[in-house]
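Coordinates from data_17.txt are shown below (compact mmCIF, C-alpha atoms (C1' of nucleotides)).
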# COMPACT_ATOMS: atom_id res chain seq x y z
CA MET A 1 13.50 135.77 114.31
CA GLU A 2 15.99 132.93 114.45
CA ARG A 3 14.80 129.33 114.46
CA LYS A 4 16.38 126.26 115.99
CA SER A 5 16.88 123.69 113.29
CA ARG A 6 18.26 120.24 113.98
CA GLN A 7 21.21 121.12 111.76
CA LYS A 8 22.04 124.24 113.76
CA ILE A 9 21.80 122.43 117.09
CA GLU A 10 24.12 119.63 115.95
CA ILE A 11 26.67 122.08 114.54
CA ARG A 12 26.70 123.87 117.86
CA ASN A 13 27.18 120.52 119.64
CA ILE A 14 30.13 119.66 117.42
CA LEU A 15 31.77 123.02 118.08
CA SER A 16 31.26 122.82 121.83
CA GLN A 17 33.92 120.14 122.16
CA ASN A 18 36.90 121.38 124.09
CA ASN A 19 40.09 122.32 122.23
CA PHE A 20 38.55 121.30 118.90
CA HIS A 21 39.06 123.51 115.84
CA PRO A 22 37.48 121.88 112.81
CA THR A 23 37.29 123.21 109.27
CA ILE A 24 33.96 123.56 107.48
CA GLU A 25 34.64 120.28 105.72
CA GLU A 26 35.41 118.48 108.98
CA ILE A 27 32.22 119.82 110.54
CA HIS A 28 30.33 118.63 107.48
CA ILE A 29 31.77 115.11 107.71
CA ILE A 30 30.85 114.79 111.39
CA LEU A 31 27.44 116.33 110.81
CA LYS A 32 26.62 113.88 108.00
CA LYS A 33 26.99 110.99 110.44
CA ARG A 34 24.24 112.53 112.55
CA ILE A 35 22.11 113.99 109.76
CA PRO A 36 22.74 112.09 106.51
CA GLY A 37 22.19 114.17 103.40
CA VAL A 38 22.93 117.48 105.04
CA GLY A 39 24.46 119.89 102.53
CA ILE A 40 27.71 121.77 103.00
CA ALA A 41 25.94 125.06 102.25
CA THR A 42 23.98 124.52 105.44
CA VAL A 43 27.23 124.25 107.37
CA TYR A 44 28.56 127.44 105.77
CA ARG A 45 25.35 129.35 106.46
CA ASN A 46 25.05 128.28 110.09
CA VAL A 47 28.70 128.72 110.93
CA ASP A 48 28.75 132.19 109.35
CA LYS A 49 25.71 133.13 111.39
CA MET A 50 27.28 131.83 114.59
CA VAL A 51 30.44 133.84 113.92
CA ARG A 52 28.38 136.98 113.33
CA ASN A 53 26.48 136.34 116.56
CA GLY A 54 29.74 135.98 118.42
CA GLU A 55 28.93 132.41 119.47
CA ILE A 56 32.06 130.99 117.89
CA ILE A 57 35.42 132.26 116.65
CA ARG A 58 36.79 132.04 113.13
CA LEU A 59 40.46 131.19 112.80
CA GLU A 60 42.19 132.03 109.55
CA VAL A 61 44.47 129.34 108.20
CA PRO A 62 46.68 130.16 105.22
CA GLY A 63 46.18 127.85 102.30
CA GLN A 64 43.40 125.75 103.76
CA GLY A 65 39.97 126.95 104.69
CA ALA A 66 39.19 128.63 107.99
CA ARG A 67 38.85 126.74 111.28
CA PHE A 68 36.33 127.41 114.00
CA ASP A 69 36.45 127.47 117.77
CA GLY A 70 33.40 127.18 120.00
CA ASN A 71 35.22 128.63 122.99
CA THR A 72 34.78 132.40 123.07
CA GLU A 73 36.80 133.05 126.22
CA LYS A 74 39.89 135.11 125.40
CA HIS A 75 42.69 132.75 124.45
CA TYR A 76 45.20 132.22 121.67
CA HIS A 77 46.19 129.48 119.24
CA PHE A 78 49.09 127.41 118.09
CA ARG A 79 49.05 125.92 114.60
CA CYS A 80 51.28 123.06 113.52
CA GLU A 81 52.87 123.65 110.13
CA LYS A 82 53.16 119.92 109.51
CA CYS A 83 49.77 118.46 110.42
CA ALA A 84 47.77 121.74 110.34
CA SER A 85 46.23 121.00 113.73
CA VAL A 86 45.34 123.90 116.00
CA GLU A 87 45.64 123.91 119.78
CA ASP A 88 44.45 126.37 122.39
CA VAL A 89 47.02 128.53 124.16
CA TRP A 90 46.08 130.19 127.44
CA LEU A 91 48.25 133.15 128.35
CA ASP A 92 47.70 135.78 131.00
CA LEU A 93 48.64 138.80 128.92
CA ASP A 94 47.82 142.43 129.48
CA MET A 95 47.55 144.19 126.13
CA GLU A 96 45.62 147.20 127.40
CA GLY A 97 48.73 149.19 128.16
CA TYR A 98 50.03 148.70 124.65
CA ILE A 99 46.68 149.42 123.05
CA ASN A 100 46.44 152.73 124.90
CA SER A 101 49.97 153.89 124.19
CA ALA A 102 51.38 152.50 120.95
CA PRO A 103 50.54 154.22 117.66
CA PRO A 104 48.55 153.59 115.56
CA LEU A 105 46.57 151.64 118.15
CA LYS A 106 45.96 154.54 120.50
CA ASP A 107 44.35 156.59 117.74
CA ALA A 108 42.14 153.75 116.54
CA LEU A 109 39.21 151.95 118.13
CA ILE A 110 40.55 148.50 118.95
CA ASN A 111 37.86 145.85 119.08
CA ASP A 112 39.98 142.74 119.39
CA TYR A 113 43.35 141.19 118.82
CA VAL A 114 44.55 137.69 118.06
CA ILE A 115 47.85 135.93 118.67
CA GLU A 116 48.79 132.88 116.66
CA PHE A 117 51.86 130.78 117.24
CA THR A 118 53.19 128.57 114.48
CA GLY A 119 55.70 125.74 114.47
CA VAL A 120 55.80 122.00 114.84
CA CYS A 121 53.60 120.32 117.42
CA GLN A 122 54.82 117.76 119.94
CA GLN A 123 53.36 114.87 117.96
CA CYS A 124 54.97 115.83 114.64
CA ARG A 125 58.19 116.75 116.40
CA HIS A 126 58.62 113.25 117.81
CA SER A 127 57.42 111.37 114.73
CA ILE A 128 60.07 112.10 112.16
CA MET B 1 69.50 129.55 89.59
CA GLU B 2 67.16 132.49 90.05
CA ARG B 3 67.08 135.20 87.42
CA LYS B 4 66.31 138.89 87.79
CA SER B 5 63.40 139.77 85.58
CA ARG B 6 62.07 143.28 85.22
CA GLN B 7 58.76 142.06 86.68
CA LYS B 8 60.43 140.65 89.77
CA ILE B 9 62.46 143.82 90.38
CA GLU B 10 59.42 146.07 90.08
CA ILE B 11 57.35 143.90 92.43
CA ARG B 12 60.11 144.11 95.00
CA ASN B 13 60.21 147.90 94.55
CA ILE B 14 56.48 148.15 95.12
CA LEU B 15 56.71 146.07 98.30
CA SER B 16 59.65 148.02 99.68
CA GLN B 17 57.45 151.02 100.38
CA ASN B 18 57.16 151.66 104.09
CA ASN B 19 53.97 150.67 105.93
CA PHE B 20 52.39 149.48 102.68
CA HIS B 21 50.45 146.21 102.65
CA PRO B 22 48.92 145.64 99.23
CA THR B 23 46.88 142.70 98.02
CA ILE B 24 47.91 140.73 94.92
CA GLU B 25 45.39 142.71 92.91
CA GLU B 26 46.73 146.03 94.16
CA ILE B 27 50.28 144.99 93.31
CA HIS B 28 49.07 143.98 89.85
CA ILE B 29 47.38 147.35 89.26
CA ILE B 30 50.51 149.29 90.25
CA LEU B 31 52.74 146.94 88.28
CA LYS B 32 50.69 147.34 85.11
CA LYS B 33 51.42 151.08 85.14
CA ARG B 34 55.12 150.26 84.97
CA ILE B 35 54.95 147.13 82.80
CA PRO B 36 51.76 147.19 80.70
CA GLY B 37 50.46 143.75 79.81
CA VAL B 38 51.95 142.00 82.82
CA GLY B 39 49.77 139.08 83.88
CA ILE B 40 48.41 138.49 87.35
CA ALA B 41 49.89 134.97 87.37
CA THR B 42 53.31 136.61 87.27
CA VAL B 43 52.45 138.56 90.39
CA TYR B 44 51.26 135.40 92.15
CA ARG B 45 54.36 133.42 91.16
CA ASN B 46 56.84 136.10 92.19
CA VAL B 47 55.12 136.99 95.42
CA ASP B 48 54.85 133.32 96.41
CA LYS B 49 58.53 132.89 95.72
CA MET B 50 59.44 135.95 97.77
CA VAL B 51 57.37 134.67 100.70
CA ARG B 52 59.11 131.28 100.50
CA ASN B 53 62.49 133.03 100.40
CA GLY B 54 61.55 135.03 103.48
CA GLU B 55 61.93 138.34 101.64
CA ILE B 56 58.38 139.42 102.39
CA ILE B 57 55.60 138.51 104.82
CA ARG B 58 52.17 137.21 103.96
CA LEU B 59 49.29 138.61 106.01
CA GLU B 60 46.05 136.67 106.07
CA VAL B 61 42.94 138.76 105.72
CA PRO B 62 39.55 137.11 106.27
CA GLY B 63 37.23 137.39 103.31
CA GLN B 64 39.58 139.24 101.00
CA GLY B 65 42.80 137.92 99.56
CA ALA B 66 46.08 138.00 101.45
CA ARG B 67 48.16 141.15 101.87
CA PHE B 68 51.92 141.39 101.74
CA ASP B 69 54.53 143.31 103.72
CA GLY B 70 58.04 143.97 102.49
CA ASN B 71 59.32 144.70 105.99
CA THR B 72 60.58 141.50 107.60
CA GLU B 73 61.64 143.04 110.92
CA LYS B 74 59.51 141.65 113.75
CA HIS B 75 56.42 143.78 114.10
CA TYR B 76 52.66 143.41 114.26
CA HIS B 77 49.61 144.68 112.40
CA PHE B 78 46.37 146.51 112.87
CA ARG B 79 43.57 145.94 110.37
CA CYS B 80 40.62 148.29 109.99
CA GLU B 81 37.32 146.46 109.78
CA LYS B 82 35.76 149.31 107.79
CA CYS B 83 38.30 150.16 105.08
CA ALA B 84 40.36 146.94 105.27
CA SER B 85 43.60 148.90 105.46
CA VAL B 86 46.52 147.44 107.39
CA GLU B 87 49.00 149.44 109.46
CA ASP B 88 52.24 148.42 111.13
CA VAL B 89 52.33 148.16 114.91
CA TRP B 90 55.67 148.22 116.68
CA LEU B 91 55.60 146.76 120.17
CA ASP B 92 58.48 145.82 122.42
CA LEU B 93 57.11 142.48 123.59
CA ASP B 94 58.93 139.58 125.14
CA MET B 95 57.17 136.35 124.21
CA GLU B 96 60.07 134.02 124.97
CA GLY B 97 59.04 133.52 128.57
CA TYR B 98 55.56 132.46 127.56
CA ILE B 99 56.83 130.25 124.75
CA ASN B 100 59.10 128.38 127.15
CA SER B 101 56.56 127.93 129.89
CA ALA B 102 52.98 127.76 128.63
CA PRO B 103 51.62 124.47 127.28
CA PRO B 104 51.29 123.44 124.53
CA LEU B 105 53.97 125.89 123.40
CA LYS B 106 56.75 124.56 125.60
CA ASP B 107 56.33 121.06 124.15
CA ALA B 108 56.27 122.26 120.55
CA LEU B 109 58.89 123.84 118.34
CA ILE B 110 57.75 127.43 117.93
CA ASN B 111 59.00 129.03 114.74
CA ASP B 112 57.06 132.27 114.81
CA TYR B 113 54.04 134.09 116.12
CA VAL B 114 51.86 136.89 114.83
CA ILE B 115 49.69 139.45 116.57
CA GLU B 116 46.91 141.18 114.72
CA PHE B 117 44.77 143.95 116.14
CA THR B 118 41.39 144.70 114.60
CA GLY B 119 39.06 147.62 114.96
CA VAL B 120 38.32 150.94 113.30
CA CYS B 121 41.20 153.13 112.15
CA GLN B 122 41.54 156.80 112.96
CA GLN B 123 40.40 157.85 109.47
CA CYS B 124 37.22 155.74 109.49
CA ARG B 125 36.55 156.65 113.10
CA HIS B 126 36.40 160.35 112.31
CA SER B 127 34.55 160.05 109.02
CA ILE B 128 31.16 158.70 110.01
C1' DT C 1 0.19 130.00 108.09
C1' DT C 2 4.47 132.23 107.18
C1' DA C 3 8.92 133.34 107.40
C1' DC C 4 12.96 131.10 107.92
C1' DC C 5 15.77 127.18 106.77
C1' DT C 6 17.53 123.33 103.95
C1' DG C 7 19.33 120.68 99.91
C1' DC C 8 20.83 120.99 95.48
C1' DA C 9 23.35 122.80 91.89
C1' DA C 10 25.12 126.55 89.53
C1' DA C 11 27.73 130.60 89.93
C1' DC C 12 31.63 133.12 91.87
C1' DC C 13 36.21 134.44 92.59
C1' DG C 14 40.79 134.22 94.15
C1' DT C 15 44.49 131.19 93.04
C1' DT C 16 47.06 127.62 90.51
C1' DT C 17 48.59 125.24 86.49
C1' DG C 18 49.82 123.89 81.60
C1' DC C 19 51.58 125.29 77.55
C1' DC C 20 54.10 127.82 74.59
C1' DT C 21 56.92 131.94 73.86
C1' DA C 22 60.24 135.47 75.47
C1' DG C 23 64.45 136.79 77.27
C1' DC C 24 68.20 136.61 80.82
C1' DA C 25 72.80 134.45 81.78
C1' DT D 1 72.06 128.28 73.45
C1' DG D 2 69.72 126.56 77.48
C1' DC D 3 66.84 127.09 80.90
C1' DT D 4 64.14 130.22 83.83
C1' DA D 5 60.33 133.38 83.73
C1' DG D 6 56.26 135.39 81.64
C1' DG D 7 51.62 135.73 79.24
C1' DC D 8 47.46 133.67 78.41
C1' DA D 9 43.67 130.98 79.40
C1' DA D 10 41.73 127.05 81.34
C1' DA D 11 41.29 124.53 85.51
C1' DC D 12 40.72 124.34 90.43
C1' DG D 13 38.71 124.58 95.05
C1' DG D 14 36.61 126.86 98.63
C1' DT D 15 32.61 129.75 99.28
C1' DT D 16 28.27 132.02 98.02
C1' DT D 17 23.82 132.32 95.96
C1' DG D 18 19.16 131.34 93.71
C1' DC D 19 15.49 128.54 93.89
C1' DA D 20 12.02 125.27 95.15
C1' DG D 21 10.44 122.47 98.76
C1' DG D 22 10.49 121.66 103.93
C1' DT D 23 9.70 123.00 108.69
C1' DA D 24 9.77 125.44 113.21
C1' DA D 25 6.87 128.63 115.72
Translate the structure of the given file into structure tokens.
Amino acid sequence: MERKSRQKIEIRNILSQNNFHPTIEEIHIILKKRIPGVGIATVYRNVDKMVRNGEIIRLEVPGQGARFDGNTEKHYHFRCEKCASVEDVWLDLDMEGYINSAPPLKDALINDYVIEFTGVCQQCRHSI
Amino acid sequence: MERKSRQKIEIRNILSQNNFHPTIEEIHIILKKRIPGVGIATVYRNVDKMVRNGEIIRLEVPGQGARFDGNTEKHYHFRCEKCASVEDVWLDLDMEGYINSAPPLKDALINDYVIEFTGVCQQCRHSI
DNA sequence: TTACCTGCAAACCGTTTGCCTAGCA
DNA sequence: TGCTAGGCAAACGGTTTGCAGGTAA
């Protein structure tokens, strides 16, 4: 049985912010302001559990640690190569046709797919 | 000036195999059969350089280390959640329209995008 | 009361780095 | 010969784990 700890509730609150994709470390920093003394292992354990439960999404970021997204509706992401920020991208795509026709996808059991755009965000683009 | 070492040439040979996406460790194991005593740092250094030169592509894999793909033509990947293998996926997609119209993409400078499908491959699906 | 959860610190493990030697140009 | 690349091992940094005490149900 899963219990509701104060730590878990606050982590969920942090991740429920819209278009916010913090790293474990960023979550930890914010969490410490609300619960001083909280350990980073607690963040890892809770976030891992939430990912396994499907409550949040894990975004892989090369080089740095992973980022997390509390919005589980199907959408995509853009990552800035300069400032490492991540932004939501909402596209109305239909992948089903491809999944059912293109090898090796049609012979496999496809559970999910992700699309990640990379480049330079508007902010970094204008601030040379 | 960049020199051609035996190590570098063999790593490139390994990565030029079609639909092959080894990890650093796998490259190292294969490389050791050809050049006994080669160190894993050599694999890291050469592979990093090749990625920076755009000769190969780095694929991020959650949990395990990255995988690498010697084919730089635009294509996508499917990763099996059971056996962790990666297969090429060739789709004739047109993303330009989305990139030029959907925020925040249209305000950013998009350099690239990746699509990764996940699920259970044909092999794992049939071998319960 | 009793699992589960937390904080702490050590362990882990993939990756990077420093240093010295080897070998290509 | 000069300078890049390699081998080795230590360092690094993010993540995981063991343990003892805390806490939700």
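Neighbours of Gly39 of chain A closer than or equal to 12 Å, with all atoms listed in the file counted and sequence neighbours fewer than 4 positions away skipped, come out as Gln7, Ile24, Glu25, Ile27, His28, Ile29, Leu31, Lys32, Ile35, Val43, Tyr44, Arg45 and Asn46 of chain A; DT6, DG7, DC8 and DA9 of chain C.
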Neighbour list for DC24 of chain C as a ChimeraX atom specification, cut-off 8 Å, all atoms listed in the file, skip fewer than 2 positions in-chain: /B:3-5
Identify every residue of chain A that has at least one atom within 10 Å of any atom of chain B, counting all atoms listed in the file, and report the result as number ranges by chain. A: 58-63, 66, 76-81, 87-93, 98-99, 101-126
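Checking A:Gly97, A:Gly37, A:Gly65, A:Pro22 one by one against DT15 of chain D, counting only C-alpha atoms (C1' of nucleotides), you find the shortest gap at A:Gly65.
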If we count all atoms listed in the file, what is near DC13 of chain C at a cut-off of 12 Å, once residues fewer than 2 positions away on the same chain are taken out, given as a PyMOL selection string? (chain B and resi 63-65) or (chain C and resi 11+15) or (chain D and resi 12-16)
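In this model, the gap between atom CA of Lys33 of chain B and atom C1' of DC3 of chain D comes to 28.8 Å.
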Pick the closest to chain C from B:Glu55, B:Glu96, B:Glu26, B:Glu2: which is it, counting only C-alpha atoms (C1' of nucleotides)? B:Glu2
For chain C, which residues have at least one atom within 10 Å of chain B, if we go by all atoms listed in the file? Write them as a PyMOL selection string, please. chain C and resi 14-17+23-25
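With distances restricted to all atoms listed in the file, A:Thr42 is the closest residue to chain D from A:Asn71, A:Thr42, A:Asn13, A:Asn19.
Between atom CA of Met50 of chain B and atom CA of Ile9 of chain B there is a distance of 11.2 Å.
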